[in-house]
Amino acid sequence: MSTSIGEDAQLALDLALTIRHDGSGGVADDLATVAGLDAWTREHLGVAFGGVGGPSAAGPVVPGGALDVATGAGAGAGGGARAGAGGDGGAHGAPDAELAAVREVRAALRALFARAVLPGAPSPADAARLMPARDAVERLNAYAALAPTVPVLTWADDADPVVRQVPVGEGSRPAATLARAAVAFLASPELRLLRACHAPRCVRYFLKDHPRQEWCKPSCGNRARVARHHERHRRPTQTQIHGVAAEGESGDQHEQHEEGRQREQG
């Protein structure tokens, strides 16, 4: 039986998976550039990020000081950093500022993913650079507050009623949209299904939609089984440890020699 994934869960996972294996033993970042963010928001939010919402004078104050854009971690104590603030005061039209904001939302989300999969290990892409969970919660809440929303009810003829939070006005910044989806997913029952894939070279998170599922996709399962097979065959056997039997020596003779050698050592 498979599990149906809600929109918020899917969007949160898609954001987390912009950190991925690059196919060459390293880690790739789909949101490394403004162009990458624009392409990603077109695909996953249906709009170019520069055309979502109107200008914002400034984002909310986020604790932790200046940001490390690569990891989303605070660069030091002291005054709070203003979420999404850029050289022009954090206007929505500042591409670099919006890129930094979305990357920070992602860093907070992946930090809380790591917490959610405990006592299991986090994705190896995050293991050495996770922001504290408390900071991650504060930052997601701060970004989610960038644009107000209202509940909107829909009720199709062949489905149950559904309430969605819809931004007030023309839209909202991508960082706010993604933060709201992350908050909704982290507070949902679907979070219990979250796992980190530990197949060789994989850095993905996934939702376990089958009781026997161990990996994010079949190819990861195949790699993990191959790696286990190779590991078993690399382990030294007793014969390899104590020396191969002399050419022409029978198994019984070899055992007798081994017994004698062990008695001498004893």
# chains A, B, ... in the order shown; residues from 1 in each chain; ligands from 1
call {"tool": "select_by_dssp", "arguments": {"residues": "stretch 97-215 of chain A", "states": "strand (DSSP E)", "output": "list in words"}}
result
Thr149, Val150, Pro151, Val152, Leu153, Thr154, Val162, Val163, Arg164, Gln165, Val166, Pro167, Leu194, Arg195, Ala196, Tyr205, Phe206 and Leu207 of chain A
call {"tool": "write_last_selection", "arguments": {"atoms": "N, CA and C atoms", "output": "compact mmCIF listing (two decimals), in the first residue's frame"}}
result
# COMPACT_ATOMS: atom_id res chain seq x y z
N THR A 149 -1.92 35.06 5.06
CA THR A 149 -2.77 34.16 4.28
C THR A 149 -4.17 34.10 4.89
N VAL A 150 -5.09 33.62 4.10
CA VAL A 150 -6.46 33.39 4.59
C VAL A 150 -6.86 31.96 4.24
N PRO A 151 -7.70 31.32 5.06
CA PRO A 151 -8.16 29.97 4.72
C PRO A 151 -9.22 30.02 3.63
N VAL A 152 -9.07 29.15 2.65
CA VAL A 152 -10.04 29.07 1.55
C VAL A 152 -10.54 27.63 1.47
N LEU A 153 -11.85 27.47 1.50
CA LEU A 153 -12.47 26.14 1.47
C LEU A 153 -12.79 25.73 0.04
N THR A 154 -12.43 24.51 -0.32
CA THR A 154 -12.88 23.92 -1.59
C THR A 154 -13.50 22.56 -1.27
N VAL A 162 -11.65 20.52 1.64
CA VAL A 162 -10.24 20.82 1.86
C VAL A 162 -10.10 22.32 2.14
N VAL A 163 -9.29 22.63 3.14
CA VAL A 163 -8.98 24.03 3.45
C VAL A 163 -7.52 24.28 3.09
N ARG A 164 -7.29 25.33 2.30
CA ARG A 164 -5.93 25.72 1.95
C ARG A 164 -5.68 27.15 2.39
N GLN A 165 -4.45 27.41 2.82
CA GLN A 165 -4.06 28.77 3.17
C GLN A 165 -3.58 29.48 1.90
N VAL A 166 -4.27 30.52 1.52
CA VAL A 166 -3.99 31.23 0.28
C VAL A 166 -3.45 32.61 0.62
N PRO A 167 -2.35 33.04 -0.01
CA PRO A 167 -1.78 34.36 0.28
C PRO A 167 -2.78 35.48 0.00
N LEU A 194 9.07 10.26 7.31
CA LEU A 194 10.30 10.82 6.75
C LEU A 194 11.51 9.95 7.11
N ARG A 195 12.35 9.71 6.13
CA ARG A 195 13.58 8.94 6.32
C ARG A 195 14.71 9.60 5.53
N ALA A 196 15.94 9.37 5.96
CA ALA A 196 17.12 9.74 5.18
C ALA A 196 17.61 8.51 4.45
N TYR A 205 16.31 12.82 1.24
CA TYR A 205 15.28 12.42 2.19
C TYR A 205 14.09 11.90 1.39
N PHE A 206 13.28 11.06 2.01
CA PHE A 206 12.11 10.53 1.32
C PHE A 206 11.04 10.17 2.34
N LEU A 207 9.82 9.97 1.85
CA LEU A 207 8.73 9.48 2.69
C LEU A 207 8.59 7.98 2.47
call {"tool": "residues_around", "arguments": {"residues": "A:Arg20", "least_positions_apart": "3", "cutoff": "12 Å", "atoms": "only C-alpha atoms", "output": "list in words"}}
result
Leu13, Asp14, Leu15, Ala16, Leu17, Gly23, Ser24, Gly25, Gly26, Val27, Ala28, Asp29, Asp30, Leu31, Ala32, Ser123, Pro124, Ala125, Asp126, Cys197, Arg201, Cys202, Val203, Arg204 and Tyr205 of chain A
call {"tool": "closest_residue", "arguments": {"among": "A:Gln213, A:Thr177, A:Thr18, A:Asn141", "to": "A:Leu193", "atoms": "only C-alpha atoms"}}
result
A:Gln213
call {"tool": "select_by_dssp", "arguments": {"residues": "stretch 93-138 of chain A", "states": "alpha helix (DSSP H)", "output": "ChimeraX atom specification"}}
result
/A:95-116,133-138
call {"tool": "atom_distance", "arguments": {"atom1": "atom CA of A:Ala116", "atom2": "atom CA of A:Ala187"}}
result
10.8 Å
call {"tool": "atom_distance", "arguments": {"atom1": "atom CA of A:Ala176", "atom2": "atom CA of A:Val102"}}
result
8.4 Å
call {"tool": "closest_residue", "arguments": {"among": "A:Val47, A:Ala35, A:Met131, A:Ala199", "to": "A:Ala107", "atoms": "only C-alpha atoms"}}
result
A:Met131
call {"tool": "atom_distance", "arguments": {"atom1": "atom CA of A:Arg42", "atom2": "atom CA of A:Glu104"}}
result
19.2 Å
call {"tool": "closest_residue", "arguments": {"among": "A:His21, A:His198, A:Arg173, A:His210", "to": "A:Ala94", "atoms": "only C-alpha atoms"}}
result
A:Arg173
call {"tool": "residues_around", "arguments": {"residues": "A:Ala179", "least_positions_apart": "3", "cutoff": "8 Å", "atoms": "only C-alpha atoms", "output": "ChimeraX atom specification"}}
result
/A:105,140-141,143-144,175-176,182-183
